[in-house]
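Peer 1: Take this structure, written in structure tokens, and hold onto it; I'll ask about it next.
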Amino acid sequence: MTEQATAPATDGRPAPGRGPAADPVEVARLILLRQLTRGPRTRAQLAEACRKRDVPDSAAEQVLDRFTELGLVDDGAFARAWVQSRHGGRGLSRRALRHELKHRGVADETIESALEQIDNDDERDAAVALVRGRLPSLARYDQATQRRRLHGLLVRRGYSPGLAGAVVTQVIAEVGLVTE
């Protein structure tokens, strides 16, 4: 038995976006809708999804422009939500968030605008919360190991080594573990 070139719909017609005569704009629309159903995406991520499926750039741009007009694609809203979620939930620093958004194709000025919602105090508070949350699980280790692991945790989350050292020292002193 040979495979058919088109996948039949329930009424016997080819499914939209399949087969050699598929309209590229319709294919792009279906791809974008499928991607957006899975979760918010940046314009660059959606364009890449179309590119991977060999949709002509002109068709993808046409649909992306329309989706942007309708508010379905909004890199600014995506970046603000990403910053709020990842900073609040995972305690990522502005540097780490900038890197993640850049990797997702968000424009520099949009990234900087989204990062304005985090100031230096917010960033320090998030670092302190991370250290306080992790410290109890390190109680069985000596002080040098605790400091090294906590410092590494903060640096991996994008905090500067200087801030990481200061926060670790502050939190350890607050909980009375310093024996110096």
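Naming works like this for the structure tokens: A, B, ... for the chains as they're shown, residue 1 at the start of each chain, ligands 1 onward in shown order.
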Which neighbours of Arg95 (chain A) fall inside 8 Å, counting only C-alpha atoms, when residues of the same chain fewer than 3 positions from it are skipped, and could you give them as an mmCIF file with C-alpha atoms, in the first residue's frame?
Peer 2:
data_model
loop_
_atom_site.group_PDB
_atom_site.id
_atom_site.type_symbol
_atom_site.label_atom_id
_atom_site.label_comp_id
_atom_site.auth_asym_id
_atom_site.auth_seq_id
_atom_site.Cartn_x
_atom_site.Cartn_y
_atom_site.Cartn_z
ATOM 1 C CA ARG A 98 18.775 39.642 29.176
ATOM 2 C CA HIS A 99 20.618 36.616 27.801
ATOM 3 C CA GLY A 158 23.579 35.491 36.511
ATOM 4 C CA TYR A 159 24.595 37.509 39.570
#
Peer 1: Please provide as a list in words all residues within 9 Å of region 23-37 of chain A, with the sequence filter that same-chain residues fewer than 6 positions apart are discarded (counting only C-alpha atoms).
Peer 2: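 With the cut-off at 9 Å, the set is Pro16, Gly17, Leu46, Ala47, Ala49, Cys50, Arg53, Val55, Pro56, Ser58, Ala59, Ala60, Glu61, Gln62, Val63, Leu64, Phe67, Leu72 and Val73 of chain A.
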Peer 1: Would you mind exporting C-alpha atoms of the selected residues as a short mmCIF file (atom, residue, chain, number, x, y, z; two decimals), in the first residue's frame?
Peer 2:
data_model
loop_
_atom_site.label_atom_id
_atom_site.label_comp_id
_atom_site.auth_asym_id
_atom_site.auth_seq_id
_atom_site.Cartn_x
_atom_site.Cartn_y
_atom_site.Cartn_z
CA PRO A 16 -5.49 22.54 5.15
CA GLY A 17 -1.78 23.20 4.91
CA LEU A 46 7.45 32.12 15.23
CA ALA A 47 9.35 33.20 12.12
CA ALA A 49 9.06 27.86 13.10
CA CYS A 50 7.79 28.90 9.66
CA ARG A 53 8.62 24.23 7.63
CA VAL A 55 7.17 28.62 4.43
CA PRO A 56 8.27 31.54 2.23
CA SER A 58 6.91 36.81 2.60
CA ALA A 59 3.97 34.61 3.64
CA ALA A 60 5.29 34.26 7.19
CA GLU A 61 5.81 38.04 7.48
CA GLN A 62 2.31 38.72 6.19
CA VAL A 63 0.76 36.47 8.84
CA LEU A 64 3.10 37.72 11.58
CA PHE A 67 -1.08 38.58 14.27
CA LEU A 72 -1.49 37.78 19.30
CA VAL A 73 2.22 38.44 18.87
#
Peer 1: Pull the helix (DSSP H, G or I) assignments for region 49-177 of chain A out of DSSP run on the backbone, and list those residues as JSON, numbers by chain.
Peer 2: {"A": [49, 50, 51, 52, 57, 58, 59, 60, 61, 62, 63, 64, 65, 66, 67, 68, 69, 75, 76, 77, 78, 79, 80, 81, 82, 83, 84, 85, 86, 87, 88, 89, 90, 94, 95, 96, 97, 98, 99, 100, 101, 102, 103, 108, 109, 110, 111, 112, 113, 114, 115, 120, 121, 122, 123, 124, 125, 126, 127, 128, 129, 130, 131, 132, 133, 134, 135, 136, 137, 138, 143, 144, 145, 146, 147, 148, 149, 150, 151, 152, 153, 154, 155, 156, 161, 162, 163, 164, 165, 166, 167, 168, 169, 170, 171, 172, 173, 174]}
Peer 1: A:Asp142, A:Asp65, A:Gly91, A:Ala114: which is nearest Ala129 (chain A), counting only C-alpha atoms?
Peer 2: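 Using only C-alpha atoms, Ala129 (chain A) sits closest to A:Gly91.
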Peer 1: Excluding Asp74 (chain A) and any residue of its chain fewer than 3 positions from it, enumerate the residues within 8 Å of it, using only C-alpha atoms, and give them as a PyMOL selection string.
Peer 2: chain A and resi 42-43+68+71+77-78
Peer 1: Quote the spacing between CA of His103 (chain A) and CA of Trp82 (chain A) in Å to one decimal place.
Peer 2: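 Straight-line distance from CA of His103 (chain A) to CA of Trp82 (chain A) works out to 12.6 Å.
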Peer 1: Which one of A:Asp108, A:Ala139, A:Gly133, A:Leu163 sits closest to Asn120 (chain A) if you count only C-alpha atoms?
Peer 2: A:Leu163
Peer 1: Tell me which protein, DNA and RNA residues are within 12 Å of Leu135 (chain A), counting only C-alpha atoms, leaving out same-chain ones fewer than 5 positions away, and put them as JSON, numbers by chain.
Peer 2: {"A": [128, 129, 130, 140, 141, 142, 143, 145, 146, 147, 148, 149, 150, 151, 153, 168, 169, 171, 172, 173, 174, 175, 176, 177]}
Peer 1: Name all residues at most 9 Å from Arg90 (chain A) (count only C-alpha atoms; drop same-chain ones fewer than 3 positions away) and give them as a PDB file with N, CA and C atoms, in the first residue's frame.
Peer 2:
ATOM      1  N   SER A  85       8.115  36.473  35.519  1.00  0.00           N
ATOM      2  CA  SER A  85       8.041  35.060  35.865  1.00  0.00           C
ATOM      3  C   SER A  85       9.401  34.491  36.274  1.00  0.00           C
ATOM      4  N   ARG A  86      10.407  34.722  35.478  1.00  0.00           N
ATOM      5  CA  ARG A  86      11.718  34.107  35.706  1.00  0.00           C
ATOM      6  C   ARG A  86      12.476  34.781  36.846  1.00  0.00           C
ATOM      7  N   HIS A  87      12.262  36.070  37.050  1.00  0.00           N
ATOM      8  CA  HIS A  87      12.926  36.736  38.172  1.00  0.00           C
ATOM      9  C   HIS A  87      12.231  36.357  39.476  1.00  0.00           C
ATOM     10  N   ALA A 126      16.215  39.179  45.628  1.00  0.00           N
ATOM     11  CA  ALA A 126      16.055  37.856  45.011  1.00  0.00           C
ATOM     12  C   ALA A 126      17.263  36.974  45.327  1.00  0.00           C
ATOM     13  N   LEU A 130      17.226  33.455  47.444  1.00  0.00           N
ATOM     14  CA  LEU A 130      17.801  32.208  46.931  1.00  0.00           C
ATOM     15  C   LEU A 130      18.743  31.577  47.955  1.00  0.00           C
ATOM     16  N   ARG A 157      23.023  31.825  38.323  1.00  0.00           N
ATOM     17  CA  ARG A 157      21.766  32.533  38.058  1.00  0.00           C
ATOM     18  C   ARG A 157      22.009  33.916  37.469  1.00  0.00           C
TER      19      ARG A 157
END
Peer 1: Figure out the distance between CA of Ser93 (chain A) and CA of Asp119 (chain A), please, to one decimal in Å.
Peer 2: 10.3 Å
Peer 1: By how many Å are CA of Gly39 (chain A) and CA of Arg94 (chain A) apart?
Peer 2: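 Interatomic distance, CA of Gly39 (chain A) to CA of Arg94 (chain A): 22.7 Å.
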